[in-house]
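Here is model_3.csv, consisting of CSV, C-alpha atoms:
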chain,number,residue,atom,x,y,z
F,1,MET,CA,121.0,111.2,65.1
F,2,SER,CA,118.7,108.7,63.4
F,3,TYR,CA,116.3,106.6,65.4
F,4,ILE,CA,118.1,103.4,64.4
F,5,ARG,CA,121.5,104.7,65.7
F,6,MET,CA,119.8,106.1,68.8
F,7,LYS,CA,118.3,102.7,69.6
F,8,TYR,CA,121.8,101.3,70.1
F,9,THR,CA,123.1,104.0,72.4
F,10,LYS,CA,123.8,103.1,76.0
F,11,TRP,CA,121.5,105.8,77.4
F,12,TYR,CA,118.6,104.7,75.2
F,13,GLN,CA,119.0,101.1,76.2
F,14,THR,CA,119.2,102.1,79.9
F,15,LEU,CA,116.1,104.2,79.7
F,16,LYS,CA,114.1,101.6,77.8
F,17,SER,CA,115.2,98.9,80.2
F,18,GLY,CA,114.0,100.8,83.3
F,19,LEU,CA,110.7,101.9,81.8
F,20,SER,CA,109.6,98.8,80.0
F,21,THR,CA,111.7,95.7,79.3
F,22,GLN,CA,113.0,95.5,82.9
F,23,ASN,CA,110.3,97.5,84.6
F,24,PRO,CA,110.9,97.2,88.3
F,25,ILE,CA,107.3,96.4,89.2
F,26,LEU,CA,105.9,94.5,86.2
F,27,ILE,CA,108.9,92.5,85.2
F,28,SER,CA,111.3,92.4,88.1
F,29,VAL,CA,108.4,92.4,90.7
F,30,LEU,CA,110.3,94.7,93.1
F,31,GLY,CA,108.8,97.4,95.4
F,32,ILE,CA,105.5,95.6,95.4
F,33,CYS,CA,104.5,96.4,99.1
F,34,SER,CA,104.5,100.1,98.7
F,35,ALA,CA,102.9,99.8,95.2
F,36,LEU,CA,100.0,98.0,96.7
F,37,ALA,CA,99.6,100.3,99.6
F,38,VAL,CA,99.7,103.7,98.0
F,39,THR,CA,97.9,103.1,94.7
F,40,ASN,CA,94.3,103.6,95.9
F,41,GLN,CA,94.6,107.3,95.0
F,42,VAL,CA,96.5,109.0,92.1
F,43,GLN,CA,97.8,111.8,94.2
F,44,ASN,CA,99.5,109.5,96.6
F,45,ALA,CA,100.9,107.4,93.7
F,46,ILE,CA,102.5,110.5,92.1
F,47,ALA,CA,104.0,111.7,95.4
F,48,MET,CA,105.4,108.3,96.2
F,49,GLY,CA,106.7,107.8,92.7
F,50,LEU,CA,108.5,111.1,92.6
F,51,GLY,CA,109.9,110.4,96.1
F,52,VAL,CA,111.2,107.0,95.0
F,53,THR,CA,112.6,108.5,91.8
F,54,PHE,CA,114.5,111.2,93.6
F,55,VAL,CA,115.9,108.7,96.1
F,56,ILE,CA,117.0,106.2,93.4
F,57,MET,CA,118.7,109.0,91.4
F,58,ALA,CA,120.3,110.7,94.3
F,59,SER,CA,121.5,107.6,96.1
F,60,SER,CA,122.7,105.9,92.8
F,61,ALA,CA,124.6,109.1,91.8
F,62,THR,CA,126.2,109.3,95.2
F,63,VAL,CA,127.2,105.6,95.1
F,64,SER,CA,128.6,106.0,91.6
F,65,LEU,CA,130.5,109.1,92.6
F,66,LEU,CA,132.1,107.3,95.6
F,67,ARG,CA,132.4,103.9,93.9
F,68,ASN,CA,136.2,104.0,93.9
F,69,PHE,CA,136.3,104.9,97.6
F,70,ILE,CA,133.6,102.7,99.1
F,71,PRO,CA,135.4,99.8,100.8
F,72,SER,CA,133.8,96.6,99.4
F,73,LYS,CA,133.6,95.1,102.9
F,74,ILE,CA,131.2,97.7,104.1
F,75,ARG,CA,129.5,98.7,100.8
F,76,MET,CA,126.1,97.5,101.9
F,77,VAL,CA,126.3,99.6,105.1
F,78,ALA,CA,127.5,102.6,103.0
F,79,TYR,CA,124.5,102.1,100.6
F,80,MET,CA,122.1,102.0,103.6
F,81,VAL,CA,123.5,105.2,105.1
F,82,ILE,CA,123.3,107.0,101.7
F,83,ILE,CA,119.8,105.8,100.9
F,84,SER,CA,118.5,106.5,104.5
F,85,THR,CA,119.8,110.1,104.2
F,86,PHE,CA,118.0,110.8,101.0
F,87,VAL,CA,114.8,109.2,102.3
F,88,ILE,CA,114.9,111.3,105.5
F,89,LEU,CA,115.4,114.4,103.3
F,90,VAL,CA,112.3,113.5,101.2
F,91,GLN,CA,110.3,112.8,104.4
F,92,MET,CA,111.3,116.2,105.9
F,93,PHE,CA,110.5,118.0,102.7
F,94,LEU,CA,107.0,116.4,102.4
F,95,LYS,CA,106.4,117.1,106.1
F,96,GLY,CA,107.3,120.7,105.6
F,97,PHE,CA,105.7,121.5,102.3
F,98,PHE,CA,103.1,118.8,101.6
F,99,PRO,CA,101.8,117.7,105.1
F,100,THR,CA,98.6,116.2,103.9
F,101,ILE,CA,100.3,114.0,101.3
F,102,GLU,CA,102.9,113.0,104.0
F,103,LYS,CA,100.1,112.0,106.3
F,104,SER,CA,98.3,109.9,103.7
F,105,LEU,CA,101.5,108.1,102.7
F,106,SER,CA,102.2,107.6,106.4
F,107,ALA,CA,104.9,105.0,107.1
F,108,TYR,CA,105.5,104.2,103.4
F,109,VAL,CA,107.8,107.2,102.8
F,110,GLY,CA,110.1,106.0,105.6
F,111,LEU,CA,109.9,102.5,104.1
F,112,ILE,CA,111.4,103.7,100.8
F,113,ILE,CA,114.7,102.8,102.6
F,114,THR,CA,113.7,99.2,102.4
F,115,ASN,CA,112.4,99.4,98.8
F,116,CYS,CA,114.4,96.8,96.9
F,117,ILE,CA,114.6,98.9,93.8
F,118,VAL,CA,116.8,101.5,95.5
F,119,MET,CA,119.3,99.1,96.9
F,120,GLY,CA,119.1,96.9,93.7
F,121,ARG,CA,120.1,99.8,91.4
F,122,ALA,CA,122.9,100.8,93.7
F,123,GLU,CA,124.4,97.3,93.8
F,124,ALA,CA,123.6,96.2,90.2
F,125,TYR,CA,124.3,99.4,88.3
F,126,ALA,CA,125.6,102.4,90.2
F,127,VAL,CA,128.6,100.8,91.7
F,128,LYS,CA,129.9,99.8,88.2
F,129,ASN,CA,128.9,102.8,86.0
F,130,PRO,CA,129.8,106.5,85.7
F,131,VAL,CA,127.4,109.1,87.2
F,132,LYS,CA,125.7,110.2,84.0
F,133,TYR,CA,124.5,106.7,83.1
F,134,THR,CA,123.6,106.1,86.8
F,135,LEU,CA,121.4,109.2,86.7
F,136,ILE,CA,119.6,107.9,83.6
F,137,ASP,CA,119.2,104.5,85.1
F,138,GLY,CA,117.8,105.9,88.3
F,139,PHE,CA,115.4,108.1,86.4
F,140,ALA,CA,114.3,105.3,84.1
F,141,ASN,CA,113.7,102.9,87.0
F,142,GLY,CA,112.0,105.6,89.1
F,143,MET,CA,109.8,106.6,86.2
F,144,GLY,CA,109.1,103.0,85.4
F,145,TYR,CA,107.9,102.6,89.0
F,146,THR,CA,106.0,105.9,89.0
F,147,LEU,CA,104.2,105.2,85.7
F,148,VAL,CA,102.9,101.8,86.9
F,149,LEU,CA,101.8,103.3,90.2
F,150,VAL,CA,99.9,106.1,88.5
F,151,VAL,CA,98.2,103.7,86.0
F,152,VAL,CA,97.2,101.3,88.8
F,153,ALA,CA,96.0,104.2,91.0
F,154,ALA,CA,94.0,105.7,88.1
F,155,ILE,CA,92.2,102.4,87.6
F,156,ARG,CA,91.6,101.8,91.3
F,157,GLU,CA,90.6,105.4,92.1
F,158,ALA,CA,88.2,105.6,89.1
F,159,LEU,CA,86.5,102.3,89.7
F,160,GLY,CA,86.8,102.3,93.5
F,161,PHE,CA,85.9,105.9,94.3
F,162,GLY,CA,84.5,107.2,91.0
F,163,THR,CA,87.1,109.9,90.9
F,164,ILE,CA,90.6,110.7,89.5
F,165,MET,CA,92.7,113.3,91.5
F,166,GLY,CA,89.5,113.9,93.5
F,167,MET,CA,87.4,114.9,90.4
F,168,ALA,CA,84.3,112.8,89.6
F,169,VAL,CA,84.9,110.9,86.3
F,170,MET,CA,82.2,108.3,86.5
F,171,PRO,CA,78.6,108.8,85.4
F,172,ALA,CA,75.9,109.6,88.0
F,173,GLY,CA,74.6,106.5,89.6
F,174,TRP,CA,78.0,104.7,89.4
F,175,ILE,CA,78.3,102.2,92.2
F,176,ASN,CA,81.9,102.1,93.5
F,177,TRP,CA,83.8,98.8,93.3
F,178,VAL,CA,84.9,99.0,96.9
F,179,VAL,CA,87.2,95.9,96.5
F,180,LEU,CA,89.4,98.0,94.2
F,181,SER,CA,90.1,100.6,96.9
F,182,MET,CA,91.2,97.8,99.3
F,183,ALA,CA,94.6,96.0,99.1
F,184,PRO,CA,93.2,93.0,97.1
F,185,GLY,CA,92.2,95.4,94.4
F,186,GLY,CA,95.9,96.4,94.1
F,187,PHE,CA,96.8,92.7,93.5
F,188,PHE,CA,94.2,92.3,90.8
F,189,VAL,CA,95.2,95.4,88.9
F,190,ILE,CA,99.0,94.9,89.2
F,191,GLY,CA,98.6,91.2,88.3
F,192,LEU,CA,96.7,92.1,85.1
F,193,LEU,CA,99.2,94.8,84.1
F,194,ALA,CA,102.2,92.4,84.8
F,195,TRP,CA,100.5,89.8,82.5
F,196,GLY,CA,99.9,92.4,79.8
F,197,MET,CA,103.5,93.8,80.0
F,198,ARG,CA,105.1,90.4,80.0
F,199,SER,CA,103.1,89.4,77.0
F,200,LEU,CA,104.0,92.5,75.1
F,201,THR,CA,107.7,92.3,75.9
F,202,LYS,CA,107.7,88.5,75.5
F,203,ASN,CA,109.2,88.1,79.0
F,204,TYR,CA,108.1,84.7,80.1
F,205,GLU,CA,109.4,82.6,82.9
F,206,GLU,CA,109.8,78.9,82.0
H,1,MET,CA,145.5,97.9,110.5
H,2,LYS,CA,145.7,100.3,107.6
H,3,ASN,CA,142.5,98.9,106.1
H,4,THR,CA,140.6,99.1,109.3
H,5,LEU,CA,141.7,102.8,109.6
H,6,LYS,CA,140.5,103.4,106.1
H,7,LEU,CA,137.1,101.8,106.8
H,8,PHE,CA,136.8,103.9,110.0
H,9,LEU,CA,137.8,107.1,108.2
H,10,PHE,CA,135.4,106.4,105.3
H,11,MET,CA,132.5,106.0,107.7
H,12,ILE,CA,133.4,109.1,109.6
H,13,ILE,CA,133.5,111.2,106.4
H,14,LEU,CA,130.3,109.6,105.1
H,15,GLY,CA,128.5,110.2,108.4
H,16,SER,CA,129.6,113.8,108.6
H,17,LEU,CA,128.4,114.5,105.0
H,18,THR,CA,125.0,112.9,105.6
H,19,ALA,CA,124.6,114.6,108.9
H,20,GLY,CA,125.3,117.9,107.3
H,21,LEU,CA,122.7,117.3,104.6
H,22,ILE,CA,120.1,116.4,107.2
H,23,THR,CA,120.9,119.4,109.3
H,24,GLY,CA,120.6,121.7,106.3
H,25,MET,CA,117.1,120.3,105.5
H,26,ASP,CA,116.1,120.6,109.1
H,27,VAL,CA,117.0,124.3,109.1
H,28,LEU,CA,115.0,124.7,105.9
H,29,THR,CA,111.8,122.9,107.1
H,30,LYS,CA,111.8,123.2,110.9
H,31,ASP,CA,109.5,126.2,111.1
H,32,ARG,CA,107.1,124.9,108.5
H,33,ILE,CA,106.9,121.5,110.2
H,34,SER,CA,106.1,123.0,113.6
H,35,GLU,CA,103.5,125.3,111.8
H,36,ASN,CA,102.0,122.2,110.2
H,37,ALA,CA,101.8,120.3,113.5
H,38,ASN,CA,99.6,123.0,114.9
H,39,TYR,CA,97.6,123.2,111.7
H,40,GLU,CA,96.2,119.7,112.1
H,41,TRP,CA,94.6,120.1,115.5
H,42,LYS,CA,93.7,123.8,115.1
H,43,SER,CA,91.9,123.1,111.8
H,44,ALA,CA,90.1,120.2,113.5
H,45,MET,CA,88.9,122.5,116.3
H,46,LEU,CA,87.7,125.1,113.7
H,47,ASN,CA,86.0,122.3,111.8
H,48,HIS,CA,84.0,121.4,114.9
H,49,HIS,CA,82.5,124.8,114.6
H,50,GLY,CA,81.8,124.6,110.9
H,51,ILE,CA,84.8,126.6,109.8
H,52,SER,CA,87.0,125.2,107.1
H,53,SER,CA,90.6,126.4,106.8
H,54,THR,CA,93.9,126.0,104.9
H,55,VAL,CA,97.5,125.8,106.1
H,56,THR,CA,98.0,129.5,105.5
H,57,ASP,CA,94.9,130.9,107.2
H,58,THR,CA,94.4,128.5,110.1
H,59,ALA,CA,96.4,130.4,112.7
H,60,ALA,CA,94.6,133.7,112.0
H,61,LEU,CA,91.1,132.1,111.9
H,62,PHE,CA,91.9,130.2,115.1
H,63,ASP,CA,93.0,133.4,116.9
H,64,GLU,CA,89.8,135.1,115.7
H,65,SER,CA,87.5,132.3,116.9
H,66,PHE,CA,88.9,131.2,120.2
H,67,VAL,CA,90.2,132.6,123.5
H,68,THR,CA,92.4,130.6,125.8
H,69,LEU,CA,91.4,129.9,129.4
H,70,ASP,CA,94.9,129.3,130.8
H,71,GLU,CA,98.3,130.5,129.7
H,72,THR,CA,100.5,127.4,130.0
H,73,SER,CA,103.4,127.3,127.6
H,74,ASP,CA,102.3,124.5,125.3
H,75,PRO,CA,99.3,125.4,123.1
H,76,ARG,CA,98.2,121.8,123.2
H,77,GLU,CA,97.8,121.9,126.9
H,78,GLN,CA,95.4,124.8,126.9
H,79,VAL,CA,91.6,124.8,126.9
H,80,TYR,CA,90.0,127.1,124.3
H,81,ARG,CA,86.6,128.8,124.5
H,82,HIS,CA,84.8,129.7,121.3
H,83,LYS,CA,84.0,133.5,121.3
H,84,GLU,CA,80.5,133.2,120.0
H,85,THR,CA,79.1,129.8,121.2
H,86,ASN,CA,81.0,129.6,124.5
H,87,THR,CA,81.8,126.0,123.7
H,88,TYR,CA,85.1,124.5,125.1
H,89,SER,CA,87.7,122.7,123.0
H,90,TYR,CA,91.0,121.0,123.8
H,91,PHE,CA,93.6,118.7,122.4
H,92,PHE,CA,93.6,115.2,124.0
H,93,THR,CA,96.3,112.6,124.0
H,94,GLY,CA,97.1,109.3,125.7
H,95,SER,CA,98.1,105.8,125.3
H,96,GLY,CA,95.9,103.4,123.2
H,97,LEU,CA,96.3,99.7,123.1
H,98,TRP,CA,99.3,99.8,120.6
H,99,GLY,CA,100.4,103.4,120.7
H,100,GLU,CA,99.4,107.0,121.2
H,101,ILE,CA,95.9,108.2,120.3
H,102,ASN,CA,95.4,111.9,120.0
H,103,GLY,CA,92.8,114.3,118.7
H,104,VAL,CA,90.5,117.2,119.7
H,105,ILE,CA,87.2,117.3,121.6
H,106,THR,CA,84.6,120.1,121.8
H,107,LEU,CA,82.2,120.4,124.7
H,108,GLU,CA,78.9,122.3,125.0
H,109,SER,CA,78.9,125.5,127.1
H,110,ASP,CA,78.0,123.5,130.2
H,111,GLY,CA,81.5,122.0,130.0
H,112,LYS,CA,80.2,118.4,130.3
H,113,THR,CA,78.2,117.5,127.2
H,114,ILE,CA,80.3,116.3,124.2
H,115,LEU,CA,79.5,118.2,121.0
H,116,LYS,CA,82.1,116.5,118.7
H,117,VAL,CA,85.2,114.4,118.9
H,118,THR,CA,87.9,113.9,116.2
H,119,VAL,CA,90.8,111.5,116.4
H,120,LEU,CA,93.8,112.8,114.5
H,121,ASN,CA,96.4,110.0,115.0
H,122,GLN,CA,96.2,106.4,116.3
H,123,GLN,CA,98.2,103.2,115.8
H,124,GLU,CA,95.5,100.7,116.6
H,125,THR,CA,94.8,97.5,114.7
H,126,PRO,CA,93.4,98.3,111.2
H,127,GLY,CA,89.8,97.1,110.9
H,128,LEU,CA,89.4,96.6,114.6
H,129,GLY,CA,90.7,99.1,117.1
H,130,GLY,CA,91.6,101.3,114.2
H,131,LEU,CA,87.9,102.1,113.8
H,132,VAL,CA,88.4,104.4,116.8
H,133,SER,CA,89.2,107.3,114.4
H,134,THR,CA,86.1,106.7,112.1
H,135,ARG,CA,83.4,109.3,112.2
H,136,LYS,CA,80.8,106.5,112.6
H,137,TYR,CA,82.3,105.5,115.9
H,138,LEU,CA,83.1,109.0,117.1
H,139,ASP,CA,79.5,110.1,116.4
H,140,LEU,CA,78.4,107.8,119.2
H,141,TYR,CA,80.1,110.2,121.7
H,142,GLU,CA,77.9,113.2,120.6
H,143,GLY,CA,75.5,114.2,123.4
H,144,LYS,CA,77.3,112.0,126.0
H,145,LYS,CA,78.3,113.6,129.2
H,146,PHE,CA,81.3,113.6,131.5
H,147,ASP,CA,79.2,113.2,134.6
H,148,PRO,CA,81.6,112.9,136.3
H,149,ILE,CA,83.2,110.4,133.9
H,150,LEU,CA,82.3,108.4,130.7
H,151,SER,CA,81.9,104.6,130.8
H,152,LEU,CA,81.6,101.9,128.3
H,153,TYR,CA,78.1,100.6,127.9
H,154,ASP,CA,77.3,97.8,130.3
H,155,PRO,CA,73.6,96.6,130.7
H,156,ASP,CA,74.5,95.5,134.3
H,157,LEU,CA,75.4,99.0,135.3
H,158,SER,CA,72.7,101.2,136.7
H,159,LEU,CA,74.3,104.3,135.1
H,160,ASP,CA,72.5,106.9,133.1
H,161,LEU,CA,72.8,106.1,129.4
H,162,SER,CA,74.1,109.6,128.8
H,163,VAL,CA,77.4,108.6,130.3
H,164,GLN,CA,77.7,105.3,128.6
H,165,VAL,CA,79.2,104.8,125.1
H,166,ASP,CA,79.1,101.6,123.0
H,167,GLN,CA,82.4,99.8,122.5
H,168,ILE,CA,84.0,98.9,119.2
H,169,THR,CA,83.0,95.3,118.3
H,170,GLY,CA,86.1,93.0,118.7
H,171,ALA,CA,88.2,95.8,120.1
H,172,THR,CA,87.5,96.0,123.8
H,173,GLY,CA,91.1,96.8,124.7
H,174,THR,CA,91.1,99.9,122.5
H,175,SER,CA,87.6,101.0,123.6
H,176,ASN,CA,88.7,100.8,127.2
H,177,LYS,CA,91.9,102.7,126.6
H,178,PHE,CA,90.1,105.4,124.6
H,179,ILE,CA,87.5,106.0,127.4
H,180,GLU,CA,90.3,106.0,130.0
H,181,LEU,CA,92.4,108.6,128.1
H,182,MET,CA,89.3,110.7,127.4
H,183,ASN,CA,88.4,110.7,131.1
H,184,ALA,CA,92.0,111.5,132.2
H,185,ASN,CA,92.3,114.4,129.7
H,186,TYR,CA,88.9,115.8,130.8
H,187,GLU,CA,89.9,115.6,134.5
H,188,ASN,CA,93.3,117.2,133.6
H,189,LYS,CA,92.0,120.0,131.4
H,190,MET,CA,88.5,120.8,132.6
H,191,GLY,CA,88.8,119.7,136.3
H,192,VAL,CA,89.8,123.1,137.5
H,193,LEU,CA,87.3,124.9,135.3
H,194,ILE,CA,84.1,123.1,136.2

Show how you would write the structure in this file as structure tokens.
Amino acid sequence: MSYIRMKYTKWYQTLKSGLSTQNPILISVLGICSALAVTNQVQNAIAMGLGVTFVIMASSATVSLLRNFIPSKIRMVAYMVIISTFVILVQMFLKGFFPTIEKSLSAYVGLIITNCIVMGRAEAYAVKNPVKYTLIDGFANGMGYTLVLVVVAAIREALGFGTIMGMAVMPAGWINWVVLSMAPGGFFVIGLLAWGMRSLTKNYEE
Amino acid sequence: MKNTLKLFLFMIILGSLTAGLITGMDVLTKDRISENANYEWKSAMLNHHGISSTVTDTAALFDESFVTLDETSDPREQVYRHKETNTYSYFFTGSGLWGEINGVITLESDGKTILKVTVLNQQETPGLGGLVSTRKYLDLYEGKKFDPILSLYDPDLSLDLSVQVDQITGATGTSNKFIELMNANYENKMGVLI
């Protein structure tokens, strides 16, 4: 399949939308609380990103699978039950197999339940589309979220602690920019990235 | 009526399915979670004696290094004596200002002088009471004595300085609660031994 033809396929558009043109953090400005909280270290950003990606994909696929059975009156309640279940599964998995990461992410894993991206994809996409596209949409939005988290965390960890993934990356004598390891540092970096992405994709608000 | 029944049935089926999934994951992770819960405080106790450990070797290293002084059922309730240095270590827990504070403490062989304290979990106000888990604050406890109890520093008290500890600036409530829980745990764990 040529690139031009591929560009007009639904799966390509869905993937592109989640990763860049409708990136959940930089364009839609969703899931900001956790993004600010966990991006002081790359390791935490990767774990949180993968956790959110799994929850979006699994919950969206389940909602899509049940979309003809979910009574519209209680669809929000049903979404919450489904999303909560997958978040609990992620939390138990991390507690069992990656206890140190679970501890450093603390309450933020549980708070994936309230992450607007998860509920947003269920209501805006999964309930109207078949499972295969829903999985692509969940993957794209989850990865869009993860990529931004990792980039922000890499900048904050490198400048704030002088390390990336715990390995020293800055020259000897580097003075850490402590403000970047604190919450305001997250605002600065995400703000700059949002500006850059919106300029690149020409996504301006009038 | 038919619609209400449908809604009810749907929620029952959804609830059963999700409960099944959670139960399955619980079976898969239950043992590891309980192992990890012990890892945290056991590795902190080993760390007080300069021994670093990982999730896999903590239990073995712990058994090699410590003997227990009583045989109550819960390992967190027991007092441990280091085989070489004869120091005492135990897990402490209690209520802080906003939630549970727990950790481990190691005492010299006299059973009174504090060698090291580590706070593992706390829910105090970040930046104020939350400083209770920082090494900088906990180092103030090193060398202090339960004689018979610890107190917060007060220039008006005619107490020996070795039983007085500085409080966290701006967090009197947490400092008081922390001292109270340390004294209560000492009395509970070491009271019968000393």

Query raised in the report: chain H residues within 9 Å of chain F, counting all atoms listed in the file: which ones, as a ChimeraX atom specification?
Result: /H:3,6-7,10-11,14-15,18-19,21-22,25-26,28-37

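Interatomic distance, atom CA of Leu61 of chain H to atom CA of Asn102 of chain H: 22.2 Å.
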
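We find atom CA of Ser162 of chain H and atom CA of Leu115 of chain H to be spaced 12.8 Å apart.
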
Query - Residue contacts of Ile117 of chain F (8 Å, only C-alpha atoms) excluding same-chain residues fewer than 6 positions away, as a PyMOL selection string - result: chain F and resi 24+30-31+56+141

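Relative to atom CA of Asn40 of chain F, atom CA of Lys42 of chain H is found at 27.9 Å.
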
Query - Close residues, Asn129 of chain F itself excluded, 12 Å, only C-alpha atoms, min 6 positions apart in chain, as a ChimeraX atom specification - result: /F:10-11,14,60-68,121-123,135-138

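Summary of the local environment: counting only C-alpha atoms, residues at most 9 Å from Ala154 of chain F, other than itself and those fewer than 6 positions away along its chain, are Thr39, Asn40, Gln41, Val42, Thr163, Ile164 and Met165 of chain F.
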